[in-house]
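Colleague: One structure, as structure tokens, below. Some questions next.
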Amino acid sequence: MTPLLEARGVVKHFPVRGGLFGGPRKVVRAVEDVSFVIEPGATLGLVGESGCGKTTTAKLVLLLERPTAGEIRFDGESLATLDAEGLRRYRHSVQAVFQDPYASLNPRMRVDSIIAEPLVTNERLAAVELGERLRKVLDLVGLPARAAKLFPHEFSGGQRQRIAIARALTLSPRLIVLDEPVSALDVSIRAQILNLLRDLQRELGLAYLFIAHDLAAVAHMSHVIAVMYLGRVVETGAARIVATQPRHPYTKALFAAALPSHPDDSRDDVVLAGDVPSPLDPPSGCRFHTRCPQVMPRCSTDEPKLATVDGREVACHLYDSAEIARAAAPRG
Amino acid sequence: MNGSRAAALTVAWRLASFRSRLEGLPAFPIVILGTLALLAIFADFIAPHDPQVGLLGERFRPPAWQAGGSTAHLLGTDHVGRDVLSRLIFGARISMTVGFTAVIFAGVVGTTLGILAGYLGGWVDQVIMRVTDAWLALPALTFAIFLAAIVGPSASNIVIIMALVYWTRYARVVRGEVLSLKERDYVRLAIVAGCSKRTIMKRHILPNVVNSSIVLATLMLGVVIVTEAALSFLGVGVPPPQPAWGLMLADGKKGLMAGYWWLTVLPGLCIMLMVLSANLLGDWLRVKLDPQLRQL
């Protein structure tokens with residue numbers, strides 16, 4: 001079966017203008033050699049600190065930015081070579097929900113025209129049918145029908161996010177990019193929205209690219225998790241495996257930083273020192289070596305490749321020996 | 001909650017918010033501009049005399065309260081015996097029409113070009129903004145005189161000249177605003193939804209820059225009126241015998257030394273009041289429509 005969306009070796013560099021007199025041009029390496037696959041009806045959770053390239057990846061998938069290198073395929077078709085008709089079809093099948101529900105709704109449009117915009121743009125519908133579809137999606141996201149005639153500022157953050165989700169649903173897309181859909185919301189609302197998203201997935205067979213820095217949310221939502229650090233995927237695999245037995249030191253630190261589900265649960269404290277290095281000038285070798293608690297001499301020189309360890313893929317030299325041992329075992 | 005009660009509440013809330021929006025409406029500029037507008041509209045009925053025809057026997061009559069004045073000419077007469085009050089009233093019409101139409105013309109041209117430059121970027125932006133820069137480098141009044149000398153003086157030409165001179169101000173401000181607007185999430189989502197650039201500019205950018213344009217327009221109203229007066233004063237504006245305030249000022253200046261103060265002070269006062277009101281109103285609007293202050 002072809003995956004719904006496949007990214008292969010995707011790279012995105014942003015040139016930064018040099019100094020006043022055109023000093024050396026620098027490059028922000030936002031996304032570096034990222035590959036992932038999203039199956040129909042499944043969720044890929046993309047986790048990482050701010051500035052690790054999650055949102056850039058989302059923009060690449062949404063064709064808001066073009067990759068510097070690498071390829072993204074939707075339904076087996078490369079996005080780089082889409083013609084006008086192909087682009088129209090792609091826009092029809094992929095929608096998005098962004099982080100800030102206050103910025104993602106035009107303050108001067110009424111809710112019905114906000115929600116209907118993708119529909120009006122992509123399909124020719126009679127007014128009656130348009131109203132029908134509008135009521136249906138409002139109902140799906142649990143908003144009353146009278147919400148349609150109001151302005152965004154008349155709603156709370158959680159309600160606005162429901163409006164944003166309703167808008168993403170109108171075209172019955174196959175993939176929705178959720179870029180931190182609950183980060184801006186109150187904790188009490190988050191679970192509501194996440195459960196709504198899961199219910200919608202089950203009902204409508206949607207696939208999600210779920211981007212977040214909240215690990216509990218990602219573990220709850222995703223089928224597959226990919227952990228990013230400074231533009232690279234450091235660990236990826238089935239959500240259950242990665243969440244319960246993280247292998248990469250960065251993943252371990254991330255999950256250790258998340259609050260346990262019960263206050264009595266023990267947590268290993270892995271404290272990371274320092275800040276994320278600048279993507280303008282990423283560290284040599286493994287990009288995580290400047291902050292890694294288990295750093296080895298070779299980490300600063302050799303760049304680790306993703307390799308299968310315990311049922312998931314990890315890019316870390318810690319597991320090289322294990323890899324070698326396992327490779328050697330059948331022979332011996 | 002039943003629907004009709006909710007609707008009633010919504011209506012009540014809207015009314016309240018509308019009233020709060022009008023709160024603090026500055027009385028002074030509204031009264032001045034309102035009065036001038038009424039005078040301009042009903043000039044034919046209000047003005048006691050014909051503004052363009054004078055009686056030579058009635059020359060240089062002082063205002064009514066001064067010795068030698070009469071109630072027939074409340075604000076006196078000028079060097080050809082025309083009633084100053086009537087000329088001021090009809091002058092309001094010219095100043096207002098020229099001011100408003102020029103500001104609207106310039107606003108439409110400047111806003112459109114500003115949106116195009118800001119949203120499309122690239123060479124479109126380069127071309128429009130370089131032209132704007134060059135335009136702004138020319139002193140406005142000199143440029144206006146130059147244009148007036150080419151096309152010849154008439155009220156409608158003045159409007160075109162003003163629009164040509166002042167559209168750049170709008171283009172500048174609007175472009176800056178658009179640059180920030182086009183990074184908003186709702187614009188990105190519109191792209192994701194498949195909207196064309198035209199639709200995005202029309203539906204998402206324009207309604208959100210209109211506020212700034214309106215504020216700028218009120219502030220520009222004063223500038224335009226002063227420029228119009230200056231052009232008329234210099235003799236390249238509204239041609240005589242039409243009663244433009246700037247023209248009255250120019251005609252009256254010869255009499256200033258002879259003690260005919262009302263010929264210059266009164267039109268000057270009118271210009272000052274109108275410009276001051278326009279600026280005060282603009283200031284108030286600027287604060288009132290500021291998205292930061294407006295946001296709930």
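In the structure tokens, chains take letters A, B, ... by order of appearance, with residues numbered from 1 within each chain and ligands from 1 in the order shown.
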Residues of chain A within 10 Å of chain B: nearest atom pair and distance (Å, one decimal) for each, counting only C-alpha atoms, sorted by chain and number, as a tab-separated table?

Modeller:
residue	atom	partner	partner_atom	distance
A:Lys59	CA	B:Arg188	CA	9.4
A:Leu62	CA	B:Val192	CA	6.5
A:Leu63	CA	B:Val192	CA	7.9
A:Leu64	CA	B:Arg188	CA	7.5
A:Leu87	CA	B:Gly194	CA	8.6
A:Arg88	CA	B:Gly194	CA	6.9
A:Arg89	CA	B:Gly194	CA	9.5
A:Tyr90	CA	B:Gly194	CA	9.1
A:Arg91	CA	B:Gly194	CA	5.7
A:His92	CA	B:Ala193	CA	7.3
A:Ser93	CA	B:Ala193	CA	9.6
A:Val94	CA	B:Val192	CA	7.7
A:Gln95	CA	B:Val192	CA	6.3
A:Ala96	CA	B:Leu189	CA	7.0
A:Val97	CA	B:Leu189	CA	8.0
A:Phe98	CA	B:Asp185	CA	7.2
A:Gln99	CA	B:Asp185	CA	8.9
A:Asp100	CA	B:Asp185	CA	8.0
A:Pro101	CA	B:Asp185	CA	8.9
A:Tyr102	CA	B:Asp185	CA	9.0
A:Ala103	CA	B:Asp185	CA	5.5
A:Ser104	CA	B:Tyr186	CA	4.2
A:Leu105	CA	B:Tyr186	CA	5.3
A:Asn106	CA	B:Tyr186	CA	5.7
A:Pro107	CA	B:Asn208	CA	8.4
A:Arg108	CA	B:Pro207	CA	7.0
A:Met109	CA	B:His204	CA	8.6
A:Ile114	CA	B:Tyr186	CA	9.4
A:Glu117	CA	B:Ala193	CA	7.3
A:Pro118	CA	B:Ala193	CA	4.7
A:Leu119	CA	B:Ala193	CA	8.2
A:Val120	CA	B:Cys195	CA	9.4
A:Thr121	CA	B:Cys195	CA	6.1
A:Asn122	CA	B:Gly194	CA	7.1
A:Arg146	CA	B:Gly3	CA	8.2
A:Leu150	CA	B:Thr10	CA	9.2
A:His153	CA	B:Leu296	CA	7.1
A:Glu154	CA	B:Leu296	CA	9.2
A:Ala164	CA	B:Leu189	CA	9.6
A:Arg167	CA	B:Ala193	CA	9.2
A:Ala168	CA	B:Ala193	CA	8.4
A:Leu171	CA	B:Ala193	CA	9.0

Colleague: Once you have the residues from the selection above, write them out as an mmCIF file, in the first residue's frame, restricted to C-alpha atoms.

Modeller:
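Below is the file again-v2.cif, written as the result:
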data_model
loop_
_atom_site.group_PDB
_atom_site.id
_atom_site.type_symbol
_atom_site.label_atom_id
_atom_site.label_comp_id
_atom_site.auth_asym_id
_atom_site.auth_seq_id
_atom_site.Cartn_x
_atom_site.Cartn_y
_atom_site.Cartn_z
ATOM 1 C CA LYS A 59 5.143 24.411 6.140
ATOM 2 C CA LEU A 62 1.587 22.495 3.298
ATOM 3 C CA LEU A 63 3.604 23.862 0.356
ATOM 4 C CA LEU A 64 3.995 27.186 2.130
ATOM 5 C CA LEU A 87 -2.071 21.409 -6.896
ATOM 6 C CA ARG A 88 -5.809 22.012 -6.735
ATOM 7 C CA ARG A 89 -6.383 18.385 -5.844
ATOM 8 C CA TYR A 90 -3.643 18.530 -3.213
ATOM 9 C CA ARG A 91 -5.121 21.680 -1.637
ATOM 10 C CA HIS A 92 -8.422 19.853 -1.622
ATOM 11 C CA SER A 93 -7.062 16.893 0.344
ATOM 12 C CA VAL A 94 -4.715 18.567 2.818
ATOM 13 C CA GLN A 95 -5.800 21.148 5.393
ATOM 14 C CA ALA A 96 -4.233 22.618 8.509
ATOM 15 C CA VAL A 97 -4.926 23.799 12.034
ATOM 16 C CA PHE A 98 -2.415 26.167 13.598
ATOM 17 C CA GLN A 99 -1.345 26.896 17.105
ATOM 18 C CA ASP A 100 -2.821 30.278 17.849
ATOM 19 C CA PRO A 101 -6.608 30.310 17.471
ATOM 20 C CA TYR A 102 -6.507 34.094 17.816
ATOM 21 C CA ALA A 103 -4.272 34.543 14.780
ATOM 22 C CA SER A 104 -5.723 31.880 12.534
ATOM 23 C CA LEU A 105 -9.187 33.399 12.120
ATOM 24 C CA ASN A 106 -9.572 36.612 10.141
ATOM 25 C CA PRO A 107 -11.047 39.071 12.685
ATOM 26 C CA ARG A 108 -13.150 40.732 9.990
ATOM 27 C CA MET A 109 -14.956 37.658 8.724
ATOM 28 C CA ILE A 114 -14.373 31.536 7.621
ATOM 29 C CA GLU A 117 -13.858 29.576 2.613
ATOM 30 C CA PRO A 118 -12.100 26.328 1.579
ATOM 31 C CA LEU A 119 -15.401 24.994 0.276
ATOM 32 C CA VAL A 120 -16.262 28.096 -1.723
ATOM 33 C CA THR A 121 -12.755 28.227 -3.151
ATOM 34 C CA ASN A 122 -12.615 24.612 -4.231
ATOM 35 C CA ARG A 146 -26.060 30.021 15.676
ATOM 36 C CA LEU A 150 -20.893 35.632 14.868
ATOM 37 C CA HIS A 153 -13.823 37.715 18.865
ATOM 38 C CA GLU A 154 -17.119 36.557 20.336
ATOM 39 C CA ALA A 164 -10.422 26.331 13.010
ATOM 40 C CA ARG A 167 -12.792 24.911 8.692
ATOM 41 C CA ALA A 168 -10.156 22.241 8.151
ATOM 42 C CA LEU A 171 -13.402 19.774 2.372
#

Colleague: Tell me, as an MDAnalysis selection string, which residues lie within 10 Å of Ile225 in chain B, counting only C-alpha atoms; anything in the same chain fewer than 2 positions away does not count.

Modeller: chainID B and resid 94:100 102:103 162 220:223 227:231 245:246 271:272 274:275 278

Colleague: For Pro279 in chain A, work out the shell of residues within 9 Å, counting only C-alpha atoms and skipping chain neighbours fewer than 4 positions away, then give it as a list in words.

Modeller: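 Result of the neighbour search: Val27, Val28, Arg29, Ala30, Gly51, Cys52, Leu230, Gly231 and Pro283 of chain A.
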
Colleague: Per DSSP on the backbone, what are the alpha helix (DSSP H) residues of range 189-302 of chain A, as number ranges by chain?

Modeller: A: 189-204, 215-221, 239-244, 249-257

Colleague: Looking only at the backbone, which of the residues in range 74-213 of chain A does DSSP tag as strand (DSSP E), as a list in words?

Modeller: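 Those residues are Phe74, Glu77, Ser78, Val94, Gln95, Ala96, Val97, Leu175, Ile176, Val177, Leu178, Asp179, Ala207, Tyr208, Leu209, Phe210, Ile211 and Ala212 of chain A.
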
Colleague: Using only C-alpha atoms, which of the listed residues (B:Leu234, B:Ala40, B:Leu280, B:Ala171) sits closest to Val109 in chain B?

Modeller: B:Ala171

Colleague: Tell me which of A:Val16, A:Ala80, A:Ala116, A:Ala219 sits closest to Leu169 in chain A, counting only C-alpha atoms.

Modeller: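 Under the stated criterion, the closest residue is A:Ala116.
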
Colleague: List the neighbours of Gly158 in chain A out to 12 Å using only C-alpha atoms; skip same-chain residues closer than 5 positions along the sequence, and give me the result as a PDB file with N, CA and C atoms, in the first residue's frame.

Modeller:
ATOM      1  N   GLN A  99      -1.431  26.784  15.653  1.00  0.00           N
ATOM      2  CA  GLN A  99      -1.345  26.896  17.105  1.00  0.00           C
ATOM      3  C   GLN A  99      -2.271  27.946  17.706  1.00  0.00           C
ATOM      4  N   ASP A 100      -2.175  29.159  17.178  1.00  0.00           N
ATOM      5  CA  ASP A 100      -2.821  30.278  17.849  1.00  0.00           C
ATOM      6  C   ASP A 100      -4.213  30.524  17.284  1.00  0.00           C
ATOM      7  N   PRO A 101      -5.264  30.139  18.019  1.00  0.00           N
ATOM      8  CA  PRO A 101      -6.608  30.310  17.471  1.00  0.00           C
ATOM      9  C   PRO A 101      -7.013  31.778  17.365  1.00  0.00           C
ATOM     10  N   TYR A 102      -6.190  32.670  17.941  1.00  0.00           N
ATOM     11  CA  TYR A 102      -6.507  34.094  17.816  1.00  0.00           C
ATOM     12  C   TYR A 102      -5.948  34.658  16.526  1.00  0.00           C
ATOM     13  N   VAL A 141     -17.866  19.461  15.250  1.00  0.00           N
ATOM     14  CA  VAL A 141     -16.928  19.986  16.238  1.00  0.00           C
ATOM     15  C   VAL A 141     -17.639  20.484  17.495  1.00  0.00           C
ATOM     16  N   GLY A 142     -18.958  20.245  17.553  1.00  0.00           N
ATOM     17  CA  GLY A 142     -19.685  20.558  18.773  1.00  0.00           C
ATOM     18  C   GLY A 142     -19.939  22.039  18.995  1.00  0.00           C
ATOM     19  N   LEU A 143     -20.197  22.786  17.906  1.00  0.00           N
ATOM     20  CA  LEU A 143     -20.573  24.195  18.059  1.00  0.00           C
ATOM     21  C   LEU A 143     -22.032  24.357  17.660  1.00  0.00           C
ATOM     22  N   PRO A 152     -15.239  36.060  15.152  1.00  0.00           N
ATOM     23  CA  PRO A 152     -14.322  35.275  15.987  1.00  0.00           C
ATOM     24  C   PRO A 152     -14.131  35.834  17.396  1.00  0.00           C
ATOM     25  N   ILE A 163     -13.567  26.179  15.754  1.00  0.00           N
ATOM     26  CA  ILE A 163     -13.900  26.805  14.463  1.00  0.00           C
ATOM     27  C   ILE A 163     -12.808  26.490  13.447  1.00  0.00           C
ATOM     28  N   ALA A 164     -11.548  26.614  13.906  1.00  0.00           N
ATOM     29  CA  ALA A 164     -10.422  26.331  13.010  1.00  0.00           C
ATOM     30  C   ALA A 164     -10.473  24.880  12.543  1.00  0.00           C
ATOM     31  N   ILE A 165     -10.839  23.977  13.441  1.00  0.00           N
ATOM     32  CA  ILE A 165     -10.919  22.559  13.074  1.00  0.00           C
ATOM     33  C   ILE A 165     -12.081  22.347  12.103  1.00  0.00           C
ATOM     34  N   PRO A 181      -1.818  22.170  17.932  1.00  0.00           N
ATOM     35  CA  PRO A 181      -3.214  22.636  17.978  1.00  0.00           C
ATOM     36  C   PRO A 181      -3.719  22.945  19.377  1.00  0.00           C
ATOM     37  N   VAL A 182      -3.037  22.447  20.428  1.00  0.00           N
ATOM     38  CA  VAL A 182      -3.571  22.701  21.771  1.00  0.00           C
ATOM     39  C   VAL A 182      -2.624  23.496  22.652  1.00  0.00           C
ATOM     40  N   SER A 183      -1.454  23.869  22.118  1.00  0.00           N
ATOM     41  CA  SER A 183      -0.460  24.522  22.982  1.00  0.00           C
ATOM     42  C   SER A 183      -0.948  25.845  23.545  1.00  0.00           C
ATOM     43  N   ALA A 184      -1.795  26.542  22.766  1.00  0.00           N
ATOM     44  CA  ALA A 184      -2.214  27.869  23.210  1.00  0.00           C
ATOM     45  C   ALA A 184      -3.453  27.806  24.091  1.00  0.00           C
ATOM     46  N   LEU A 185      -3.959  26.608  24.337  1.00  0.00           N
ATOM     47  CA  LEU A 185      -5.223  26.500  25.060  1.00  0.00           C
ATOM     48  C   LEU A 185      -5.008  26.178  26.537  1.00  0.00           C
ATOM     49  N   ASP A 186      -6.011  26.463  27.339  1.00  0.00           N
ATOM     50  CA  ASP A 186      -5.971  26.097  28.748  1.00  0.00           C
ATOM     51  C   ASP A 186      -5.911  24.587  28.882  1.00  0.00           C
ATOM     52  N   VAL A 187      -5.267  24.142  29.944  1.00  0.00           N
ATOM     53  CA  VAL A 187      -5.106  22.708  30.147  1.00  0.00           C
ATOM     54  C   VAL A 187      -6.456  22.007  30.154  1.00  0.00           C
ATOM     55  N   SER A 188      -7.463  22.656  30.744  1.00  0.00           N
ATOM     56  CA  SER A 188      -8.768  22.015  30.845  1.00  0.00           C
ATOM     57  C   SER A 188      -9.410  21.814  29.482  1.00  0.00           C
ATOM     58  N   ILE A 189      -9.058  22.660  28.521  1.00  0.00           N
ATOM     59  CA  ILE A 189      -9.662  22.569  27.189  1.00  0.00           C
ATOM     60  C   ILE A 189      -8.895  21.576  26.319  1.00  0.00           C
ATOM     61  N   ARG A 190      -7.584  21.408  26.628  1.00  0.00           N
ATOM     62  CA  ARG A 190      -6.735  20.594  25.748  1.00  0.00           C
ATOM     63  C   ARG A 190      -7.294  19.207  25.521  1.00  0.00           C
ATOM     64  N   ALA A 191      -7.651  18.547  26.626  1.00  0.00           N
ATOM     65  CA  ALA A 191      -8.131  17.172  26.507  1.00  0.00           C
ATOM     66  C   ALA A 191      -9.373  17.125  25.624  1.00  0.00           C
ATOM     67  N   GLN A 192     -10.261  18.106  25.792  1.00  0.00           N
ATOM     68  CA  GLN A 192     -11.469  18.156  24.956  1.00  0.00           C
ATOM     69  C   GLN A 192     -11.119  18.178  23.482  1.00  0.00           C
ATOM     70  N   ILE A 193     -10.192  19.095  23.140  1.00  0.00           N
ATOM     71  CA  ILE A 193      -9.843  19.256  21.726  1.00  0.00           C
ATOM     72  C   ILE A 193      -9.142  17.996  21.212  1.00  0.00           C
ATOM     73  N   LEU A 194      -8.233  17.437  22.024  1.00  0.00           N
ATOM     74  CA  LEU A 194      -7.517  16.236  21.583  1.00  0.00           C
ATOM     75  C   LEU A 194      -8.485  15.070  21.376  1.00  0.00           C
ATOM     76  N   LEU A 196     -11.636  15.337  20.703  1.00  0.00           N
ATOM     77  CA  LEU A 196     -12.421  15.669  19.522  1.00  0.00           C
ATOM     78  C   LEU A 196     -11.656  15.252  18.266  1.00  0.00           C
TER      79      LEU A 196
END

Colleague: Counting only C-alpha atoms, which residue out of A:Asn195, A:Gln294, A:Gln201, A:Ser78 sits closest to Pro40 in chain A?

Modeller: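 Smallest distance to Pro40 in chain A is found for A:Gln201.
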
Colleague: I'd like the contact shell of Val276 in chain A - 10 Å cut-off, only C-alpha atoms, skipping same-chain residues fewer than 2 positions apart - returned as a short mmCIF file (atom, residue, chain, number, x, y, z; two decimals) with N, CA and C atoms, in the first residue's frame.

Modeller:
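Below is the file out_30.cif, written as the result:
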data_model
loop_
_atom_site.label_atom_id
_atom_site.label_comp_id
_atom_site.auth_asym_id
_atom_site.auth_seq_id
_atom_site.Cartn_x
_atom_site.Cartn_y
_atom_site.Cartn_z
N GLU A 49 11.91 20.40 20.79
CA GLU A 49 11.88 21.74 21.39
C GLU A 49 11.54 22.78 20.34
N SER A 50 11.26 24.00 20.79
CA SER A 50 11.01 25.05 19.80
C SER A 50 12.30 25.30 19.02
N GLY A 51 12.13 25.57 17.75
CA GLY A 51 13.29 25.83 16.91
C GLY A 51 13.95 24.59 16.36
N CYS A 52 13.29 23.43 16.50
CA CYS A 52 13.94 22.21 16.03
C CYS A 52 13.53 21.88 14.60
N TYR A 229 15.55 16.95 16.67
CA TYR A 229 16.45 17.83 17.40
C TYR A 229 17.27 18.61 16.39
N LEU A 230 17.20 19.91 16.45
CA LEU A 230 17.95 20.78 15.54
C LEU A 230 17.84 20.36 14.08
N LEU A 272 18.95 18.50 31.12
CA LEU A 272 19.81 18.93 30.03
C LEU A 272 20.40 20.29 30.36
N ALA A 273 21.70 20.40 30.16
CA ALA A 273 22.34 21.68 30.42
C ALA A 273 22.29 22.53 29.15
N GLY A 274 22.25 23.82 29.32
CA GLY A 274 22.42 24.74 28.20
C GLY A 274 21.20 24.85 27.30
N SER A 278 22.52 27.18 17.96
CA SER A 278 21.89 27.88 16.85
C SER A 278 21.92 27.03 15.59
N PRO A 279 20.79 26.97 14.89
CA PRO A 279 20.78 26.23 13.63
C PRO A 279 21.59 26.95 12.54
N PRO A 282 25.24 24.67 13.42
CA PRO A 282 24.99 23.48 14.23
C PRO A 282 26.30 22.78 14.59
N ARG A 287 24.46 16.30 16.51
CA ARG A 287 24.09 17.68 16.89
C ARG A 287 23.74 17.81 18.35
N PHE A 288 23.52 16.68 19.00
CA PHE A 288 23.11 16.72 20.39
C PHE A 288 24.30 16.62 21.33
N THR A 290 26.63 18.46 22.36
CA THR A 290 26.96 19.55 23.30
C THR A 290 26.15 19.46 24.59
N ARG A 291 25.02 18.78 24.56
CA ARG A 291 24.18 18.73 25.76
C ARG A 291 23.93 17.31 26.25
#

Colleague: Would you mind listing what lies within 12 Å of Gly69 in chain B as a list in words, with only C-alpha atoms counted and same-chain residues fewer than 6 positions away left out?

Modeller: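 Neighbouring residues, sequence-local ones excluded: Glu58, Arg59, Phe60, Arg61, Pro62, Pro63, Leu75, Gly76, Thr77, Asp83 and Trp262 of chain B.
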
Colleague: Quote the spacing between CA of His49 in chain B and CA of Leu36 in chain B in Å to one decimal place.

Modeller: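 Between CA of His49 in chain B and CA of Leu36 in chain B the gap is 17.8 Å.
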
Colleague: Mind giving me the straight-line distance from CA of Ala137 in chain B to CA of Gly107 in chain B in Å, one decimal?

Modeller: 19.2 Å
